[in-house]
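Q: As input, take final_14.cif (mmCIF, C-alpha atoms):
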data_work
#
loop_
_atom_site.label_atom_id
_atom_site.label_comp_id
_atom_site.auth_asym_id
_atom_site.auth_seq_id
_atom_site.Cartn_x
_atom_site.Cartn_y
_atom_site.Cartn_z
CA MET A 162 15.04 -5.39 17.68
CA THR A 163 12.45 -7.69 19.23
CA ARG A 164 8.74 -7.15 19.02
CA THR A 165 8.57 -6.51 22.74
CA SER A 166 11.30 -3.85 22.54
CA LEU A 167 9.60 -2.19 19.55
CA SER A 168 7.62 0.73 20.95
CA LEU A 169 4.36 1.19 19.05
CA ARG A 170 3.25 3.96 21.47
CA ASN A 171 -0.53 4.30 21.08
CA PRO A 172 -1.30 1.80 18.25
CA TYR A 173 -4.77 3.26 17.55
CA LYS A 174 -3.40 6.76 17.17
CA ALA A 175 -0.50 5.45 15.08
CA ALA A 176 -2.91 3.57 12.79
CA PHE A 177 -5.09 6.67 12.39
CA LEU A 178 -2.07 8.83 11.57
CA ALA A 179 -0.82 6.17 9.13
CA TRP A 180 -4.17 6.37 7.34
CA LEU A 181 -4.26 10.18 7.43
CA CYS A 182 -0.91 10.46 5.69
CA PRO A 183 1.20 7.44 4.66
CA GLY A 184 4.24 7.21 6.95
CA LEU A 185 2.92 9.63 9.56
CA GLY A 186 2.05 6.87 12.04
CA HIS A 187 5.60 5.54 11.81
CA PHE A 188 7.07 9.01 12.37
CA TYR A 189 4.88 9.23 15.48
CA GLN A 190 6.32 5.90 16.67
CA GLY A 191 9.88 7.04 16.01
CA ARG A 192 10.30 4.56 13.12
CA THR A 193 11.53 7.32 10.85
CA GLY A 194 13.17 5.16 8.18
CA LYS A 195 10.06 3.11 7.62
CA GLY A 196 7.94 6.25 7.67
CA ILE A 197 10.05 7.74 4.89
CA LEU A 198 9.88 4.50 2.87
CA TYR A 199 6.09 4.27 3.16
CA ALA A 200 5.59 7.98 2.44
CA VAL A 201 7.86 7.96 -0.63
CA CYS A 202 6.51 4.72 -2.14
CA ILE A 203 2.82 5.28 -1.49
CA LEU A 204 2.57 9.01 -2.11
CA SER A 205 4.73 8.95 -5.24
CA LEU A 206 2.63 6.11 -6.64
CA TYR A 207 -0.58 7.97 -5.79
CA PHE A 208 0.49 11.34 -7.21
CA LEU A 209 2.02 9.77 -10.33
CA GLY A 210 -1.31 8.02 -10.99
CA PHE A 211 -3.18 11.24 -10.23
CA VAL A 212 -1.09 13.16 -12.78
CA LEU A 213 -1.41 10.39 -15.40
CA GLY A 214 -5.20 10.69 -15.13
CA GLU A 215 -4.99 14.51 -15.19
CA GLY A 216 -6.62 14.63 -11.74
CA LYS A 217 -9.92 13.29 -13.09
CA ILE A 218 -9.67 9.72 -11.81
CA VAL A 219 -10.06 10.25 -8.07
CA TYR A 220 -13.68 11.12 -7.32
CA TRP A 221 -16.61 9.79 -5.36
CA ARG A 222 -20.34 9.76 -5.86
CA TRP A 223 -22.91 8.56 -3.34
CA VAL A 224 -24.87 5.83 -5.13
CA HIS A 225 -26.12 2.47 -3.98
CA PRO A 226 -23.52 -0.16 -5.02
CA PHE A 227 -26.18 -2.80 -5.85
CA HIS A 228 -28.90 -0.58 -7.31
CA ASN A 229 -26.52 1.43 -9.44
CA PRO A 230 -23.30 -0.58 -9.94
CA GLU A 231 -22.41 1.26 -13.17
CA LYS A 232 -22.11 4.55 -11.32
CA PHE A 233 -20.51 3.16 -8.18
CA CYS A 234 -16.85 4.25 -7.84
CA LEU A 235 -15.27 0.98 -6.76
CA HIS A 236 -11.76 2.35 -7.32
CA TYR A 237 -12.33 5.01 -4.67
CA ILE A 238 -12.65 2.29 -2.00
CA GLY A 239 -8.93 1.62 -2.55
CA GLN A 240 -7.97 5.26 -3.10
CA PHE A 241 -9.68 6.24 0.17
CA PHE A 242 -6.96 4.49 2.18
CA VAL A 243 -4.31 6.94 0.97
CA GLY A 244 -5.96 9.28 3.48
CA LEU A 245 -5.76 13.05 3.27
CA PRO A 246 -4.70 13.24 -0.41
CA ALA A 247 -7.90 11.41 -1.44
CA LEU A 248 -10.22 12.95 1.14
CA PRO A 249 -11.28 16.02 -0.94
CA ALA A 250 -13.03 13.60 -3.32
CA LEU A 251 -15.21 12.29 -0.50
CA ILE A 252 -16.03 15.84 0.65
CA GLN A 253 -16.88 16.96 -2.90
CA GLY A 254 -19.00 13.86 -3.46
CA THR A 255 -20.91 14.52 -0.25
CA LEU A 256 -21.45 18.19 -1.15
CA SER A 257 -22.72 17.17 -4.58
CA TYR A 258 -25.10 14.64 -2.98
CA LEU A 259 -26.44 17.39 -0.70
CA ASP A 260 -26.82 19.75 -3.70
CA ILE A 261 -24.22 22.14 -2.33
CA ARG A 262 -21.78 23.88 -4.67
CA PRO A 263 -18.35 22.19 -4.77
CA LEU A 264 -15.44 23.82 -2.97
CA PHE A 265 -12.07 24.90 -4.42
CA TRP A 266 -13.35 25.28 -8.00
CA GLY A 267 -14.43 21.66 -8.10
CA PHE A 268 -11.02 20.19 -7.26
CA MET A 269 -11.46 16.37 -7.13
CA ALA A 270 -15.22 16.70 -7.63
CA GLU A 271 -16.89 14.22 -9.98
CA PRO A 272 -16.10 15.41 -13.51
CA PRO A 273 -19.01 15.92 -15.94
CA GLN A 274 -19.85 12.79 -17.96
CA ASN A 275 -18.50 14.27 -21.21
CA VAL A 276 -15.13 14.89 -19.54
CA ILE A 277 -15.02 11.29 -18.23
CA ASN A 278 -15.99 9.98 -21.67
CA GLY A 279 -13.29 12.11 -23.28
CA LEU A 280 -10.50 10.84 -21.05
CA HIS A 281 -10.02 7.45 -22.72
CA PRO A 282 -9.88 8.65 -26.35
CA ARG A 283 -7.44 11.41 -25.37
CA LEU A 284 -5.16 9.64 -22.85
CA GLY A 285 -5.67 5.98 -23.78
CA LYS A 286 -4.14 3.43 -21.42
CA LEU A 287 -2.81 6.14 -19.10
CA VAL A 288 -6.28 6.51 -17.55
CA GLU A 289 -6.31 2.84 -16.59
CA VAL A 290 -2.70 2.97 -15.37
CA GLY A 291 -3.47 6.07 -13.30
CA THR A 292 -6.53 4.41 -11.77
CA ILE A 293 -4.51 1.29 -10.96
CA TYR A 294 -1.66 3.35 -9.45
CA THR A 295 -3.92 5.41 -7.19
CA THR A 296 -5.96 2.37 -6.12
CA ILE A 297 -2.90 0.19 -5.41
CA ALA A 298 -1.34 3.10 -3.45
CA GLY A 299 -4.35 3.06 -1.14
CA LEU A 300 -4.28 -0.71 -0.78
CA LEU A 301 -0.56 -0.61 0.03
CA ASN A 302 -1.28 1.92 2.74
CA ILE A 303 -3.48 -0.70 4.42
CA LEU A 304 -0.30 -2.73 4.93
CA ALA A 305 1.41 0.35 6.36
CA ILE A 306 -1.56 1.03 8.67
CA TYR A 307 -1.43 -2.56 9.90
CA ASP A 308 2.33 -2.26 10.44
CA ALA A 309 1.80 0.90 12.51
CA TYR A 310 -0.91 -0.80 14.55
CA GLU A 311 0.59 -4.24 15.09
CA GLY A 312 4.29 -4.00 14.19
CA PRO A 313 5.99 -6.07 11.49
CA ALA A 314 4.09 -9.19 10.48
CA ASN A 315 7.00 -11.67 10.41
CA PRO A 316 7.36 -13.37 13.79
CA GLU A 317 10.70 -15.03 12.94
CA LEU A 318 12.63 -11.82 13.60
CA GLU A 319 11.95 -12.06 17.32
CA GLU A 320 14.27 -15.04 17.71
CA GLU A 321 16.81 -14.21 15.01
CA GLU A 322 17.41 -10.66 16.08
CA GLN A 323 17.77 -11.30 19.80
CA SER A 324 21.19 -10.51 21.18
CA PRO A 325 23.00 -13.43 22.90
CA LEU A 326 22.39 -11.83 26.31
CA GLU A 327 18.66 -11.44 25.60
CA ALA A 328 18.52 -15.02 24.29
CA ALA A 329 20.12 -16.33 27.49
CA ALA A 330 17.72 -14.31 29.62
CA ASN A 331 14.65 -15.38 27.60
CA PRO A 332 15.21 -18.96 26.37
CA PRO A 333 12.65 -20.29 23.91
CA GLU A 334 9.84 -22.51 25.19
CA GLU A 335 11.33 -25.70 23.67
CA ALA A 336 14.63 -25.18 25.50
CA LYS A 337 12.74 -24.67 28.75
CA LEU A 338 10.78 -27.91 28.21
CA GLU A 339 13.95 -29.85 27.46
CA ALA A 340 15.59 -28.48 30.62
CA VAL A 341 12.56 -29.56 32.70
CA LYS A 342 12.66 -33.05 31.09
CA ALA A 343 16.41 -33.38 31.81
CA GLU A 344 15.85 -32.41 35.45
CA GLY A 345 13.01 -34.93 35.74
CA SER A 346 15.06 -37.80 34.32
CA ALA A 347 18.09 -37.00 36.58
CA MET B 37 8.05 8.03 -26.65
CA MET B 38 8.23 5.77 -23.59
CA HIS B 39 6.15 2.62 -23.92
CA VAL B 40 3.26 2.28 -21.48
CA TYR B 41 4.57 -1.15 -20.39
CA TRP B 42 7.49 0.54 -18.56
CA LEU B 43 4.92 1.92 -16.12
CA VAL B 44 4.75 -1.52 -14.52
CA LEU B 45 8.22 -0.97 -13.00
CA PRO B 46 7.37 1.73 -10.40
CA LEU B 47 4.30 -0.29 -9.43
CA VAL B 48 6.26 -3.49 -8.86
CA VAL B 49 9.05 -1.68 -6.98
CA ALA B 50 6.59 0.13 -4.70
CA ILE B 51 4.61 -3.05 -3.98
CA SER B 52 7.81 -4.98 -3.18
CA LEU B 53 9.22 -2.31 -0.87
CA VAL B 54 6.00 -1.70 1.04
CA TYR B 55 5.23 -5.39 1.42
CA ALA B 56 8.77 -6.18 2.60
CA ALA B 57 8.70 -3.25 5.04
CA SER B 58 5.43 -4.51 6.50
CA ARG B 59 7.00 -7.93 7.16
CA HIS B 60 10.35 -6.96 8.75
CA GLU B 61 11.85 -4.35 11.00
CA SER B 62 15.54 -4.67 10.12
CA TRP B 63 16.74 -2.93 6.95
CA PRO B 64 18.91 -5.72 5.48
CA LYS B 65 15.90 -8.05 5.64
CA ILE B 66 13.61 -5.43 4.10
CA TRP B 67 15.99 -4.79 1.16
CA TRP B 68 16.61 -8.50 0.59
CA HIS B 69 12.93 -9.43 0.75
CA ALA B 70 12.00 -6.50 -1.53
CA ALA B 71 14.66 -7.44 -4.10
CA ARG B 72 13.53 -11.08 -4.14
CA LEU B 73 9.86 -10.13 -4.42
CA CYS B 74 10.58 -7.57 -7.15
CA GLY B 75 12.51 -10.16 -9.17
CA MET B 76 9.80 -12.75 -8.69
CA LEU B 77 6.97 -10.40 -9.73
CA LEU B 78 8.86 -9.17 -12.79
CA GLY B 79 9.74 -12.76 -13.72
CA ILE B 80 6.12 -13.84 -13.50
CA ILE B 81 5.00 -10.83 -15.56
CA VAL B 82 7.65 -11.43 -18.25
CA VAL B 83 6.91 -15.17 -18.50
CA THR B 84 3.14 -14.61 -18.58
CA THR B 85 3.51 -11.92 -21.26
CA ALA B 86 5.79 -14.19 -23.31
CA VAL B 87 3.33 -17.10 -23.11
CA LEU B 88 0.40 -14.87 -24.05
CA LEU B 89 2.38 -13.39 -26.96
CA LEU B 90 3.30 -16.87 -28.14
CA ILE B 91 -0.29 -18.02 -28.04
CA ASN B 92 -1.45 -14.82 -29.69
CA THR B 93 1.00 -15.06 -32.59
CA THR B 94 0.36 -18.75 -33.25
CA VAL B 95 -3.44 -18.53 -33.24
#
Using the file provided, produce a representation of the structure as C-alpha coordinates.

A:
Amino acid sequence: MTRTSLSLRNPYKAAFLAWLCPGLGHFYQGRTGKGILYAVCILSLYFLGFVLGEGKIVYWRWVHPFHNPEKFCLHYIGQFFVGLPALPALIQGTLSYLDIRPLFWGFMAEPPQNVINGLHPRLGKLVEVGTIYTTIAGLLNILAIYDAYEGPANPELEEEEQSPLEAAANPPEEAKLEAVKAEGSA
Amino acid sequence: MMHVYWLVLPLVVAISLVYAASRHESWPKIWWHAARLCGMLLGIIVVTTAVLLLINTTV
(Lines of atoms letter the chains of each structure in order from A and count residues from 1; the text may use other names and numbers.)
(Lines give C-alpha, C1' and ligand atoms only; values in the text may rest on other atoms or scores of the structure.)
Protein backbone atom coordinates (compact mmCIF):
# COMPACT_ATOMS: atom_id res chain seq x y z
CA MET A 1 0.00 0.00 0.00
CA THR A 2 1.47 3.38 -0.90
CA ARG A 3 0.97 6.51 1.12
CA THR A 4 -1.05 8.05 -1.68
CA SER A 5 -3.37 5.02 -1.84
CA LEU A 6 -3.80 5.02 1.95
CA SER A 7 -7.07 6.80 2.65
CA LEU A 8 -6.83 8.86 5.83
CA ARG A 9 -10.35 10.30 5.25
CA ASN A 10 -10.59 13.46 7.38
CA PRO A 11 -7.21 13.48 9.24
CA TYR A 12 -8.36 16.02 11.85
CA LYS A 13 -11.42 13.98 12.73
CA ALA A 14 -9.35 10.79 12.72
CA ALA A 15 -6.79 12.37 15.07
CA PHE A 16 -9.53 13.58 17.42
CA LEU A 17 -11.15 10.13 17.47
CA ALA A 18 -7.73 8.53 18.05
CA TRP A 19 -7.30 10.77 21.10
CA LEU A 20 -10.85 10.16 22.34
CA CYS A 21 -10.37 6.40 22.38
CA PRO A 22 -7.14 4.67 21.28
CA GLY A 23 -7.74 2.92 17.95
CA LEU A 24 -11.01 4.70 17.18
CA GLY A 25 -9.43 7.01 14.59
CA HIS A 26 -8.04 3.99 12.74
CA PHE A 27 -11.42 2.25 12.79
CA TYR A 28 -12.87 5.43 11.26
CA GLN A 29 -10.22 5.25 8.51
CA GLY A 30 -10.95 1.58 7.86
CA ARG A 31 -7.53 0.51 9.23
CA THR A 32 -9.18 -2.04 11.50
CA GLY A 33 -6.12 -4.18 12.25
CA LYS A 34 -4.09 -1.23 13.42
CA GLY A 35 -7.06 0.09 15.38
CA ILE A 36 -7.31 -3.20 17.25
CA LEU A 37 -3.55 -3.26 17.90
CA TYR A 38 -3.53 0.29 19.29
CA ALA A 39 -6.68 -0.26 21.34
CA VAL A 40 -5.45 -3.53 22.87
CA CYS A 41 -1.91 -2.32 23.64
CA ILE A 42 -2.74 1.15 24.94
CA LEU A 43 -5.96 0.41 26.81
CA SER A 44 -4.65 -2.78 28.43
CA LEU A 45 -1.53 -0.93 29.58
CA TYR A 46 -3.65 1.93 30.93
CA PHE A 47 -6.19 -0.24 32.75
CA LEU A 48 -3.51 -2.58 34.13
CA GLY A 49 -1.71 0.47 35.58
CA PHE A 50 -5.02 1.84 36.86
CA VAL A 51 -5.76 -1.42 38.69
CA LEU A 52 -2.21 -1.67 40.08
CA GLY A 53 -2.67 1.77 41.65
CA GLU A 54 -6.17 0.84 42.89
CA GLY A 55 -7.64 3.66 40.79
CA LYS A 56 -5.96 6.32 42.94
CA ILE A 57 -3.15 7.30 40.57
CA VAL A 58 -5.08 9.06 37.81
CA TYR A 59 -6.26 12.43 39.10
CA TRP A 60 -5.84 16.10 38.33
CA ARG A 61 -5.71 19.24 40.41
CA TRP A 62 -5.62 22.79 39.06
CA VAL A 63 -2.46 24.33 40.50
CA HIS A 64 0.18 26.56 38.99
CA PRO A 65 3.06 24.30 37.81
CA PHE A 66 5.76 26.85 38.80
CA HIS A 67 4.22 28.27 41.97
CA ASN A 68 3.23 24.89 43.35
CA PRO A 69 5.34 22.20 41.65
CA GLU A 70 4.91 19.75 44.55
CA LYS A 71 1.16 19.60 43.98
CA PHE A 72 1.28 19.71 40.19
CA CYS A 73 0.22 16.36 38.65
CA LEU A 74 2.85 16.01 35.95
CA HIS A 75 1.89 12.38 35.31
CA TYR A 76 -1.60 13.46 34.25
CA ILE A 77 -0.13 15.34 31.27
CA GLY A 78 0.79 11.92 29.84
CA GLN A 79 -2.35 10.15 31.09
CA PHE A 80 -4.54 12.81 29.47
CA PHE A 81 -3.64 11.53 25.99
CA VAL A 82 -5.38 8.20 26.64
CA GLY A 83 -8.54 10.25 26.08
CA LEU A 84 -11.93 9.27 27.42
CA PRO A 85 -10.67 6.79 30.07
CA ALA A 86 -8.65 9.59 31.74
CA LEU A 87 -11.12 12.41 31.15
CA PRO A 88 -13.18 11.94 34.38
CA ALA A 89 -10.06 13.00 36.33
CA LEU A 90 -9.98 16.34 34.52
CA ILE A 91 -13.72 16.87 35.12
CA GLN A 92 -13.42 15.98 38.82
CA GLY A 93 -10.38 18.23 39.19
CA THR A 94 -12.26 21.12 37.60
CA LEU A 95 -15.32 20.54 39.82
CA SER A 96 -13.09 20.48 42.89
CA TYR A 97 -11.41 23.74 41.78
CA LEU A 98 -14.86 25.34 41.41
CA ASP A 99 -15.90 24.02 44.85
CA ILE A 100 -18.57 21.79 43.36
CA ARG A 101 -19.22 18.33 44.79
CA PRO A 102 -17.55 15.55 42.77
CA LEU A 103 -19.68 13.36 40.53
CA PHE A 104 -20.05 9.56 40.59
CA TRP A 105 -19.05 9.18 44.27
CA GLY A 106 -15.70 10.80 43.61
CA PHE A 107 -14.58 8.36 40.90
CA MET A 108 -11.13 9.53 39.71
CA ALA A 109 -11.32 12.62 41.91
CA GLU A 110 -8.17 13.64 43.78
CA PRO A 111 -7.89 11.28 46.75
CA PRO A 112 -7.49 12.80 50.24
CA GLN A 113 -3.84 13.33 51.24
CA ASN A 114 -3.93 10.52 53.84
CA VAL A 115 -5.07 8.07 51.14
CA ILE A 116 -2.24 9.19 48.80
CA ASN A 117 0.26 8.91 51.66
CA GLY A 118 -1.03 5.44 52.50
CA LEU A 119 -0.65 4.08 48.98
CA HIS A 120 3.13 3.62 49.01
CA PRO A 121 3.42 1.80 52.36
CA ARG A 122 0.55 -0.51 51.38
CA LEU A 123 1.27 -1.20 47.69
CA GLY A 124 4.99 -0.43 47.46
CA LYS A 125 6.47 -0.35 43.96
CA LEU A 126 3.10 -1.11 42.35
CA VAL A 127 2.09 2.54 42.74
CA GLU A 128 5.11 3.65 40.72
CA VAL A 129 4.60 0.90 38.14
CA GLY A 130 0.93 1.84 37.81
CA THR A 131 1.80 5.51 37.35
CA ILE A 132 4.42 4.62 34.73
CA TYR A 133 2.00 2.29 32.89
CA THR A 134 -0.82 4.84 32.72
CA THR A 135 1.53 7.68 31.72
CA ILE A 136 3.33 5.64 29.04
CA ALA A 137 -0.07 4.48 27.69
CA GLY A 138 -0.99 8.12 27.11
CA LEU A 139 2.36 8.91 25.51
CA LEU A 140 2.03 5.90 23.21
CA ASN A 141 -1.37 7.16 22.13
CA ILE A 142 0.36 10.31 20.85
CA LEU A 143 2.11 8.05 18.32
CA ALA A 144 -1.25 6.52 17.40
CA ILE A 145 -2.82 9.98 17.04
CA TYR A 146 0.02 11.04 14.76
CA ASP A 147 -0.38 7.84 12.73
CA ALA A 148 -4.10 8.55 12.31
CA TYR A 149 -3.38 12.13 11.26
CA GLU A 150 -0.38 11.66 8.99
CA GLY A 151 -0.18 7.94 8.16
CA PRO A 152 2.81 5.71 8.95
CA ALA A 153 6.03 7.59 9.59
CA ASN A 154 8.41 5.44 7.52
CA PRO A 155 8.69 6.81 3.98
CA GLU A 156 10.62 3.79 2.65
CA LEU A 157 7.45 1.72 2.31
CA GLU A 158 6.23 3.88 -0.55
CA GLU A 159 8.87 2.53 -2.91
CA GLU A 160 9.20 -0.99 -1.53
CA GLU A 161 5.53 -1.76 -1.50
CA GLN A 162 4.70 -0.46 -4.95
CA SER A 163 3.51 -3.11 -7.37
CA PRO A 164 5.59 -3.49 -10.58
CA LEU A 165 2.78 -1.86 -12.60
CA GLU A 166 2.61 1.11 -10.21
CA ALA A 167 6.42 1.39 -10.26
CA ALA A 168 6.43 1.50 -14.07
CA ALA A 169 3.70 4.13 -14.09
CA ASN A 170 5.40 6.26 -11.40
CA PRO A 171 9.18 5.94 -11.83
CA PRO A 172 11.31 7.49 -9.09
CA GLU A 173 12.80 10.94 -9.65
CA GLU A 174 16.36 9.60 -10.12
CA ALA A 175 15.24 7.29 -12.94
CA LYS A 176 13.48 10.20 -14.61
CA LEU A 177 16.64 12.34 -14.37
CA GLU A 178 18.79 9.57 -15.82
CA ALA A 179 16.35 9.13 -18.71
CA VAL A 180 16.48 12.88 -19.45
CA LYS A 181 20.33 12.81 -19.33
CA ALA A 182 20.43 9.80 -21.71
CA GLU A 183 18.13 11.60 -24.16
CA GLY A 184 20.28 14.73 -23.97
CA SER A 185 23.52 12.87 -24.67
CA ALA A 186 21.98 10.92 -27.63
CA MET B 1 4.50 -14.25 44.40
CA MET B 2 5.42 -12.73 41.02
CA HIS B 3 8.40 -10.41 41.17
CA VAL B 4 7.72 -6.78 40.31
CA TYR B 5 10.49 -6.86 37.68
CA TRP B 6 8.29 -9.05 35.43
CA LEU B 7 6.03 -6.02 35.01
CA VAL B 8 8.57 -4.57 32.61
CA LEU B 9 7.56 -7.17 29.98
CA PRO B 10 4.05 -5.86 29.11
CA LEU B 11 5.48 -2.34 29.00
CA VAL B 12 8.25 -3.26 26.57
CA VAL B 13 5.92 -5.34 24.38
CA ALA B 14 3.32 -2.55 24.19
CA ILE B 15 5.94 0.11 23.42
CA SER B 16 7.48 -2.06 20.68
CA LEU B 17 4.16 -2.89 19.02
CA VAL B 18 2.79 0.65 19.08
CA TYR B 19 6.04 2.19 17.87
CA ALA B 20 6.38 -0.35 15.05
CA ALA B 21 2.74 0.15 14.04
CA SER B 22 3.27 3.90 13.87
CA ARG B 23 6.21 3.41 11.47
CA HIS B 24 4.78 0.88 8.98
CA GLU B 25 1.53 -0.05 7.32
CA SER B 26 2.25 -3.65 6.29
CA TRP B 27 1.89 -6.33 8.97
CA PRO B 28 5.07 -8.34 8.28
CA LYS B 29 7.10 -5.14 8.72
CA ILE B 30 5.22 -4.21 11.89
CA TRP B 31 5.82 -7.66 13.48
CA TRP B 32 9.47 -7.74 12.44
CA HIS B 33 10.18 -4.21 13.64
CA ALA B 34 8.34 -4.85 16.93
CA ALA B 35 10.25 -8.09 17.55
CA ARG B 36 13.60 -6.41 16.87
CA LEU B 37 12.76 -3.42 19.06
CA CYS B 38 11.46 -5.65 21.86
CA GLY B 39 14.67 -7.70 21.81
CA MET B 40 16.81 -4.60 21.75
CA LEU B 41 14.98 -2.93 24.67
CA LEU B 42 15.07 -6.09 26.78
CA GLY B 43 18.75 -6.58 25.95
CA ILE B 44 19.59 -3.05 27.02
CA ILE B 45 17.58 -3.45 30.24
CA VAL B 46 19.22 -6.79 31.09
CA VAL B 47 22.75 -5.53 30.37
CA THR B 48 22.18 -2.30 32.31
CA THR B 49 20.74 -4.21 35.27
CA ALA B 50 23.67 -6.66 35.19
CA VAL B 51 26.23 -3.82 35.15
CA LEU B 52 24.47 -2.00 37.99
CA LEU B 53 24.26 -5.24 40.01
CA LEU B 54 27.95 -5.88 39.41
CA ILE B 55 28.90 -2.41 40.55
CA ASN B 56 26.55 -2.65 43.51
CA THR B 57 27.94 -5.97 44.74
CA THR B 58 31.58 -4.96 44.34
CA VAL B 59 31.30 -1.60 46.10

Q: Could you list, as a PDB file with C-alpha atoms, keeping the file's coordinate frame, the residues of chain B having an atom within 9 Å of chain A when counting only C-alpha atoms?

A:
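Wrote selection-v3.pdb, looks like this:
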ATOM      1  CA  VAL B  40       3.260   2.280 -21.480  1.00  0.00           C
ATOM      2  CA  LEU B  43       4.920   1.920 -16.120  1.00  0.00           C
ATOM      3  CA  VAL B  44       4.750  -1.520 -14.520  1.00  0.00           C
ATOM      4  CA  PRO B  46       7.370   1.730 -10.400  1.00  0.00           C
ATOM      5  CA  LEU B  47       4.300  -0.290  -9.430  1.00  0.00           C
ATOM      6  CA  VAL B  49       9.050  -1.680  -6.980  1.00  0.00           C
ATOM      7  CA  ALA B  50       6.590   0.130  -4.700  1.00  0.00           C
ATOM      8  CA  ILE B  51       4.610  -3.050  -3.980  1.00  0.00           C
ATOM      9  CA  LEU B  53       9.220  -2.310  -0.870  1.00  0.00           C
ATOM     10  CA  VAL B  54       6.000  -1.700   1.040  1.00  0.00           C
ATOM     11  CA  TYR B  55       5.230  -5.390   1.420  1.00  0.00           C
ATOM     12  CA  ALA B  57       8.700  -3.250   5.040  1.00  0.00           C
ATOM     13  CA  SER B  58       5.430  -4.510   6.500  1.00  0.00           C
ATOM     14  CA  ARG B  59       7.000  -7.930   7.160  1.00  0.00           C
ATOM     15  CA  HIS B  60      10.350  -6.960   8.750  1.00  0.00           C
ATOM     16  CA  GLU B  61      11.850  -4.350  11.000  1.00  0.00           C
ATOM     17  CA  SER B  62      15.540  -4.670  10.120  1.00  0.00           C
ATOM     18  CA  TRP B  63      16.740  -2.930   6.950  1.00  0.00           C
TER      19      TRP B  63
END

Q: Extract, using only C-alpha atoms, all DNA, RNA and protein residues at most 8 Å from B:Ala56, discarding same-chain residues fewer than 5 positions from it, and format them as an MDAnalysis selection string.

A: chainID B and resid 65:67 69:70

Q: Nearest to A:His281 among A:Lys217, A:Lys174, A:His236, A:Arg262, with distances taken over only C-alpha atoms: which residue is it?

A: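 The answer is A:Lys217, which sits nearest to A:His281.
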
Q: Expand the PyMOL selection byres ((chain B and resi 82-94) around 12) into the explicit residue set it covers here, and present it as a PyMOL selection string.

A: chain B and resi 41-42+44-45+75-81+95

Q: Could you write out that same residue set with C-alpha atoms as an mmCIF file, keeping the file's coordinate frame?

A:
data_model
loop_
_atom_site.group_PDB
_atom_site.id
_atom_site.type_symbol
_atom_site.label_atom_id
_atom_site.label_comp_id
_atom_site.auth_asym_id
_atom_site.auth_seq_id
_atom_site.Cartn_x
_atom_site.Cartn_y
_atom_site.Cartn_z
ATOM 1 C CA TYR B 41 4.570 -1.150 -20.390
ATOM 2 C CA TRP B 42 7.490 0.540 -18.560
ATOM 3 C CA VAL B 44 4.750 -1.520 -14.520
ATOM 4 C CA LEU B 45 8.220 -0.970 -13.000
ATOM 5 C CA GLY B 75 12.510 -10.160 -9.170
ATOM 6 C CA MET B 76 9.800 -12.750 -8.690
ATOM 7 C CA LEU B 77 6.970 -10.400 -9.730
ATOM 8 C CA LEU B 78 8.860 -9.170 -12.790
ATOM 9 C CA GLY B 79 9.740 -12.760 -13.720
ATOM 10 C CA ILE B 80 6.120 -13.840 -13.500
ATOM 11 C CA ILE B 81 5.000 -10.830 -15.560
ATOM 12 C CA VAL B 95 -3.440 -18.530 -33.240
#

Q: Which residue, A:Ala179, A:Cys234, A:Val288, A:Leu245, has the smallest gap to A:Glu271 when you use all atoms listed in the file?

A: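 Going through A:Ala179, A:Cys234, A:Val288, A:Leu245 one by one, the smallest distance to A:Glu271 is for A:Cys234.
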